[in-house]
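Chemist: The file below is upload_27.csv, CSV, C-alpha atoms:
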```
chain,number,residue,atom,x,y,z
A,1,MET,CA,-6.1,-12.2,-11.5
A,2,LEU,CA,-4.5,-13.6,-8.4
A,3,ILE,CA,-7.1,-12.2,-6.1
A,4,ASP,CA,-10.8,-11.7,-6.7
A,5,ALA,CA,-13.9,-10.3,-4.9
A,6,SER,CA,-14.8,-13.7,-3.5
A,7,ALA,CA,-11.8,-13.5,-1.1
A,8,PRO,CA,-10.7,-9.8,-1.4
A,9,VAL,CA,-7.8,-9.9,1.2
A,10,ARG,CA,-5.4,-12.7,1.8
A,11,ASP,CA,-3.3,-12.9,5.0
A,12,ARG,CA,0.1,-14.5,5.5
A,13,GLU,CA,2.3,-14.7,8.6
A,14,LEU,CA,5.5,-12.7,8.1
A,15,LEU,CA,7.1,-11.4,11.3
A,16,ASP,CA,7.2,-12.6,14.9
A,17,ALA,CA,6.8,-10.3,17.9
A,18,ALA,CA,10.6,-9.7,18.3
A,19,GLN,CA,11.0,-8.9,14.6
A,20,VAL,CA,8.1,-6.4,14.8
A,21,THR,CA,9.6,-4.7,17.8
A,22,SER,CA,13.0,-4.5,16.1
A,23,VAL,CA,11.5,-2.9,13.0
A,24,LEU,CA,9.6,-0.3,15.0
A,25,GLU,CA,12.7,0.6,17.0
A,26,ARG,CA,14.6,1.2,13.8
A,27,LEU,CA,11.8,3.2,12.2
A,28,HIS,CA,11.4,5.5,15.2
A,29,ALA,CA,15.2,6.1,15.3
A,30,LEU,CA,14.7,7.5,11.7
A,31,ARG,CA,11.8,9.8,12.6
A,32,GLU,CA,13.6,12.8,11.3
A,33,CYS,CA,13.3,11.2,7.8
A,34,TRP,CA,9.5,10.9,8.0
A,35,VAL,CA,7.5,13.3,5.8
A,36,GLN,CA,4.2,14.7,7.2
A,37,ARG,CA,1.5,14.2,4.5
A,38,HIS,CA,-1.8,15.4,6.2
A,39,PRO,CA,-2.2,19.2,6.7
A,40,ASP,CA,-4.0,18.9,10.0
A,41,GLY,CA,-3.1,15.5,11.4
A,42,PRO,CA,0.0,13.4,12.1
A,43,PHE,CA,0.1,11.2,9.0
A,44,TYR,CA,3.6,10.4,7.9
A,45,THR,CA,5.4,8.4,5.3
A,46,PHE,CA,9.0,7.2,5.1
A,47,GLY,CA,10.0,6.2,1.6
A,48,ALA,CA,8.8,7.3,-1.8
A,49,PRO,CA,5.1,6.7,-2.4
A,50,SER,CA,4.3,7.0,-6.0
A,51,TYR,CA,0.7,7.9,-5.3
A,52,LEU,CA,1.9,11.0,-3.5
A,53,ASP,CA,5.1,12.0,-5.2
A,54,GLY,CA,4.8,10.5,-8.6
A,55,ASP,CA,3.6,12.0,-11.9
A,56,ALA,CA,3.3,10.1,-15.1
A,57,HIS,CA,4.5,13.2,-17.1
A,58,ASP,CA,7.3,14.2,-14.7
A,59,ASP,CA,8.2,11.9,-11.9
A,60,SER,CA,11.5,13.6,-11.0
A,61,ARG,CA,10.3,14.4,-7.5
A,62,TYR,CA,9.4,10.8,-6.9
A,63,ARG,CA,12.7,9.5,-8.2
A,64,ALA,CA,14.6,12.1,-6.2
A,65,ARG,CA,12.9,11.0,-3.0
A,66,ALA,CA,13.5,7.3,-3.9
A,67,ALA,CA,17.2,8.1,-4.5
A,68,HIS,CA,17.3,9.7,-1.0
A,69,ASP,CA,15.3,7.2,0.9
A,70,ASN,CA,16.0,3.9,-0.8
A,71,PRO,CA,19.6,3.6,0.6
A,72,LEU,CA,18.2,4.2,4.1
A,73,LEU,CA,15.5,1.6,3.6
A,74,ARG,CA,18.2,-0.9,2.3
A,75,GLU,CA,20.5,-0.1,5.2
A,76,HIS,CA,18.1,-0.3,8.0
A,77,PHE,CA,15.4,-2.7,6.8
A,78,SER,CA,17.1,-5.2,4.5
A,79,ASP,CA,15.7,-8.1,6.5
A,80,LEU,CA,12.1,-6.8,6.2
A,81,LEU,CA,12.4,-6.1,2.5
A,82,GLU,CA,13.8,-9.6,1.9
A,83,ALA,CA,11.0,-11.2,4.0
A,84,LEU,CA,8.4,-9.3,2.0
A,85,ARG,CA,10.1,-10.2,-1.3
A,86,ARG,CA,10.1,-13.9,-0.5
A,87,ALA,CA,6.5,-13.8,0.6
A,88,ILE,CA,5.4,-12.1,-2.6
A,89,GLU,CA,7.5,-14.6,-4.6
A,90,ALA,CA,5.8,-17.5,-2.9
A,91,PHE,CA,2.3,-15.9,-3.4
A,92,VAL,CA,2.7,-15.2,-7.1
A,93,GLY,CA,4.7,-18.3,-7.8
A,94,ALA,CA,7.5,-16.5,-9.7
A,95,PRO,CA,10.6,-14.5,-9.0
A,96,ALA,CA,10.1,-11.0,-7.7
A,97,GLU,CA,12.6,-8.2,-7.5
A,98,TYR,CA,13.1,-4.5,-6.5
A,99,ASP,CA,14.3,-1.7,-8.7
A,100,ASP,CA,16.3,1.0,-6.8
A,101,THR,CA,15.6,3.7,-9.4
A,102,ILE,CA,12.0,3.8,-8.1
A,103,GLY,CA,10.5,3.7,-4.6
A,104,LEU,CA,11.1,0.6,-2.4
A,105,PRO,CA,8.3,-0.4,-0.1
A,106,GLY,CA,7.9,2.2,2.6
A,107,PHE,CA,6.0,3.1,5.8
A,108,HIS,CA,2.7,4.7,6.6
A,109,VAL,CA,2.4,6.1,10.2
A,110,PHE,CA,-0.9,7.4,11.5
A,111,GLU,CA,-0.6,8.8,15.0
A,112,ALA,CA,-3.7,9.1,17.2
A,113,HIS,CA,-5.6,12.3,16.3
A,114,PRO,CA,-9.2,13.4,16.1
A,115,ALA,CA,-8.9,13.8,12.4
A,116,PHE,CA,-8.5,10.1,12.0
A,117,ARG,CA,-11.5,9.0,14.1
A,118,THR,CA,-13.8,9.2,11.1
A,119,PRO,CA,-13.3,7.7,7.6
A,120,VAL,CA,-11.4,10.7,6.1
A,121,ALA,CA,-9.2,8.6,3.8
A,122,SER,CA,-10.2,8.4,0.2
A,123,ILE,CA,-12.2,5.5,-1.3
A,124,HIS,CA,-9.9,4.5,-4.1
A,125,VAL,CA,-8.4,1.8,-6.2
A,126,ASP,CA,-4.6,1.3,-6.6
A,127,ARG,CA,-3.3,2.5,-9.9
A,128,GLN,CA,0.1,3.8,-8.6
A,129,TYR,CA,1.8,2.3,-11.6
A,130,ARG,CA,0.2,5.2,-13.6
A,131,CYS,CA,2.0,7.7,-11.4
A,132,ILE,CA,5.4,6.6,-12.7
A,133,ARG,CA,7.0,7.6,-16.0
A,134,TRP,CA,8.2,4.3,-17.3
A,135,PRO,CA,10.8,4.0,-20.1
A,136,ASP,CA,9.4,3.6,-23.6
A,137,GLY,CA,8.7,0.0,-24.4
A,138,THR,CA,7.8,-1.0,-20.8
A,139,GLU,CA,5.0,-3.5,-20.6
A,140,LEU,CA,2.9,-3.6,-17.4
A,141,ASP,CA,0.4,-6.4,-16.7
A,142,GLU,CA,-2.0,-4.2,-14.8
A,143,ARG,CA,-4.7,-6.8,-14.3
A,144,ARG,CA,-2.4,-9.0,-12.2
A,145,GLN,CA,-1.2,-6.3,-9.8
A,146,ILE,CA,-1.3,-6.9,-6.0
A,147,SER,CA,-1.1,-4.5,-3.1
A,148,ALA,CA,0.6,-5.5,0.1
A,149,THR,CA,0.4,-4.2,3.7
A,150,VAL,CA,2.5,-5.5,6.6
A,151,CYS,CA,0.9,-4.4,9.9
A,152,LEU,CA,3.5,-3.4,12.5
A,153,GLN,CA,1.5,-1.5,15.1
A,154,LEU,CA,-2.2,-0.9,15.9
A,155,PRO,CA,-3.9,1.5,18.3
A,156,THR,CA,-6.7,0.6,20.8
A,157,GLY,CA,-9.7,-0.5,18.7
A,158,GLY,CA,-7.4,-2.0,16.0
A,159,GLY,CA,-7.2,-1.0,12.4
A,160,GLY,CA,-7.6,-2.4,9.0
A,161,LEU,CA,-9.0,-2.0,5.5
A,162,ARG,CA,-12.5,-1.3,4.4
A,163,VAL,CA,-13.2,-3.1,1.1
A,164,TRP,CA,-16.1,-2.8,-1.3
A,165,PRO,CA,-16.5,-6.0,-3.5
A,166,VAL,CA,-16.6,-3.9,-6.7
A,167,ASP,CA,-14.0,-4.7,-9.2
A,168,SER,CA,-12.9,-1.5,-11.0
A,169,LEU,CA,-11.6,-3.5,-13.9
A,170,GLN,CA,-15.3,-4.4,-14.8
A,171,LEU,CA,-16.6,-0.9,-14.7
A,172,PRO,CA,-15.3,0.3,-18.1
A,173,ASP,CA,-17.4,-2.5,-19.7
A,174,MET,CA,-20.6,-1.2,-18.0
A,175,ASP,CA,-22.8,1.7,-18.9
A,176,ALA,CA,-23.6,4.4,-16.4
A,177,ASP,CA,-26.8,2.8,-15.1
A,178,GLN,CA,-25.1,-0.6,-14.6
A,179,ARG,CA,-22.2,1.1,-12.7
A,180,ARG,CA,-24.6,3.0,-10.5
A,181,ALA,CA,-26.6,-0.1,-9.7
A,182,LEU,CA,-23.5,-2.1,-8.9
A,183,LEU,CA,-22.2,0.6,-6.5
A,184,GLN,CA,-25.6,1.0,-4.8
A,185,ARG,CA,-25.8,-2.8,-4.2
A,186,HIS,CA,-22.5,-2.6,-2.3
A,187,ARG,CA,-22.7,0.6,-0.4
A,188,THR,CA,-21.6,-1.1,2.8
A,189,PRO,CA,-17.9,-2.2,2.8
A,190,GLU,CA,-16.4,-5.2,4.5
A,191,LEU,CA,-13.8,-4.6,7.2
A,192,HIS,CA,-10.7,-6.6,7.0
A,193,PRO,CA,-8.9,-6.2,10.4
A,194,TYR,CA,-5.2,-6.1,10.3
A,195,GLN,CA,-3.1,-8.2,12.7
A,196,VAL,CA,0.4,-7.2,13.8
A,197,GLY,CA,3.1,-9.2,12.1
A,198,ARG,CA,0.9,-10.4,9.3
A,199,LEU,CA,1.0,-9.5,5.6
A,200,ALA,CA,-2.3,-8.6,3.9
A,201,LEU,CA,-2.5,-8.9,0.1
A,202,HIS,CA,-5.3,-7.7,-2.2
A,203,SER,CA,-5.6,-6.9,-5.9
A,204,GLY,CA,-5.9,-3.2,-5.4
A,205,HIS,CA,-8.6,-3.1,-8.1
A,206,LEU,CA,-11.4,-3.4,-5.6
A,207,PHE,CA,-12.5,-0.1,-4.1
A,208,HIS,CA,-11.0,0.2,-0.6
A,209,GLN,CA,-10.3,2.7,2.2
A,210,ILE,CA,-8.1,2.9,5.2
A,211,ALA,CA,-10.3,2.2,8.2
A,212,PRO,CA,-10.7,5.0,10.8
A,213,MET,CA,-9.3,4.8,14.3
A,214,PRO,CA,-12.1,6.0,16.5
A,215,GLU,CA,-10.8,4.4,19.7
A,216,ALA,CA,-7.1,5.3,19.4
A,217,LEU,CA,-5.6,6.8,22.5
A,218,PRO,CA,-3.0,9.6,22.8
A,219,GLY,CA,0.5,8.2,22.0
A,220,GLU,CA,-0.8,5.3,20.0
A,221,ALA,CA,-0.3,4.8,16.2
A,222,ARG,CA,-1.2,2.7,13.2
A,223,VAL,CA,2.1,1.7,11.5
A,224,THR,CA,2.3,-0.3,8.3
A,225,LEU,CA,4.8,-1.2,5.5
A,226,GLN,CA,3.2,-0.6,2.1
A,227,ALA,CA,4.0,-2.1,-1.3
A,228,HIS,CA,2.6,-3.0,-4.7
A,229,ALA,CA,3.7,-5.6,-7.2
A,230,LEU,CA,3.0,-6.4,-10.8
A,231,PRO,CA,4.7,-7.9,-13.8
A,232,ARG,CA,6.9,-5.5,-15.7
A,233,ASN,CA,8.2,-6.8,-19.0
A,234,GLY,CA,7.4,-10.3,-17.7
A,235,ARG,CA,9.2,-10.1,-14.3
A,236,TRP,CA,7.4,-9.3,-11.0
A,237,LEU,CA,8.4,-5.8,-9.7
A,238,ILE,CA,7.8,-4.8,-6.1
A,239,TYR,CA,7.6,-1.0,-5.5
A,240,TRP,CA,5.7,1.7,-3.7
```
What does this structure look like when you write it as structure tokens?

Modeler:
Amino acid sequence: MLIDASAPVRDRELLDAAQVTSVLERLHALRECWVQRHPDGPFYTFGAPSYLDGDAHDDSRYRARAAHDNPLLREHFSDLLEALRRAIEAFVGAPAEYDDTIGLPGFHVFEAHPAFRTPVASIHVDRQYRCIRWPDGTELDERRQISATVCLQLPTGGGGLRVWPVDSLQLPDMDADQRRALLQRHRTPELHPYQVGRLALHSGHLFHQIAPMPEALPGEARVTLQAHALPRNGRWLIYW
């Protein structure tokens, strides 16, 4: 694995203040393309997130959304996608690429709302690659996957990722009592605060959760670019 529980989240500089402002202006100009994902609160995505739209048995909805949104992401955010691709290449030490038949990295937007003041997001691990119907013969190196977040905007009080130092890859090798004991020892997560313009990388196999926004003021938002990467047939693929 490239990242382990001893250093669960790695940060890298990616964008300066002017670049962040430019990305946000372009994103808000495309607001009509955002999709609201929370029934009660203003949580939006722009792009094709496999964890929401994918299905390992029938991912036609995911691929249709990718076919619609990928050209827009390419047209309006080619500089951001290239910066992310190069950063992931440097991190993994191997060439990395996109595949326009599946979702390119896309955006999460959480606007200030009472629903997001408490930790309502799920505690999960990232196995989005299981939500895509890959062609027969595709070989995925799941153990080496990484998840990536580029922070673009934060509300008052900041934002970040809550991480439990529990590696889900180890759990299948434990019996029920061992799993229970491990999770009880690590009931309190670590908070990794995001910083605007920086890229945060983690394995995705540690249990984690989007941190709440208890101090967010009306009109504020938490905006990030989201991506995952793993070797597919020996080549690093970046997707959402």

Chemist: Which of these, A:Val150, A:Pro95, A:Leu30, A:Pro8, has the shortest distance to A:Arg198 once you count all atoms listed in the file?

Modeler: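 Smallest distance to A:Arg198 is found for A:Val150.
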
Chemist: Counting only C-alpha atoms, what is within 8 Å of stretch 71-86 of chain A, bar same-chain residues fewer than 6 positions away, as number ranges by chain?

Modeler: A: 14, 23, 26, 47, 96-97, 104-106, 238

Chemist: Please report the interatomic distance between atom CA of A:Glu25 and atom CA of A:Leu152 in Å with one decimal.

Modeler: 11.0 Å

Chemist: Tell me which protein, DNA and RNA residues are within 12 Å of A:Trp134, counting only C-alpha atoms, leaving out same-chain ones fewer than 5 positions away, and put them as a list in words.

Modeler: Gly54, Asp55, Ala56, His57, Asp58, Asp59, Ser60, Arg63, Thr101, Ile102, Gln128, Tyr129, Glu139, Leu140, Arg232 and Asn233 of chain A

Chemist: In Å, rounded to a single decimal, give me how far atom CA of A:Ala121 is from atom CA of A:Ala17.

Modeler: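 Those two atoms sit 28.5 Å apart.
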
Chemist: Work out how far atom CA of A:His202 is from atom CA of A:Gly158, in Å to one decimal.

Modeler: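 Calculated distance between atom CA of A:Gly158 and atom CA of A:His202 is 19.2 Å.
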
Chemist: Compile the contact shell of A:Arg127 as a ChimeraX atom specification: residues with an atom at most 9 Å away, counting all atoms listed in the file, same-chain residues fewer than 5 positions apart removed.

Modeler: /A:51,142,204-205

Chemist: Counting only C-alpha atoms, which of A:His28, A:His113, A:His108, A:His38 gets nearest to A:Pro218?

Modeler: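 Nearest to A:Pro218: A:His113.
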
Chemist: Neighbourhood query: residues within 8 Å of (-13.6, 3.3, 1.1), file coordinates, counting only C-alpha atoms; return as a tab-separated table (two decimals) with C-alpha atoms, keeping the file's coordinate frame.

Modeler:
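Written file, point32.tsv:
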```
chain	number	residue	atom	x	y	z
A	119	PRO	CA	-13.30	7.70	7.60
A	121	ALA	CA	-9.20	8.60	3.80
A	122	SER	CA	-10.20	8.40	0.20
A	123	ILE	CA	-12.20	5.50	-1.30
A	124	HIS	CA	-9.90	4.50	-4.10
A	162	ARG	CA	-12.50	-1.30	4.40
A	163	VAL	CA	-13.20	-3.10	1.10
A	164	TRP	CA	-16.10	-2.80	-1.30
A	189	PRO	CA	-17.90	-2.20	2.80
A	207	PHE	CA	-12.50	-0.10	-4.10
A	208	HIS	CA	-11.00	0.20	-0.60
A	209	GLN	CA	-10.30	2.70	2.20
A	210	ILE	CA	-8.10	2.90	5.20
A	211	ALA	CA	-10.30	2.20	8.20
```
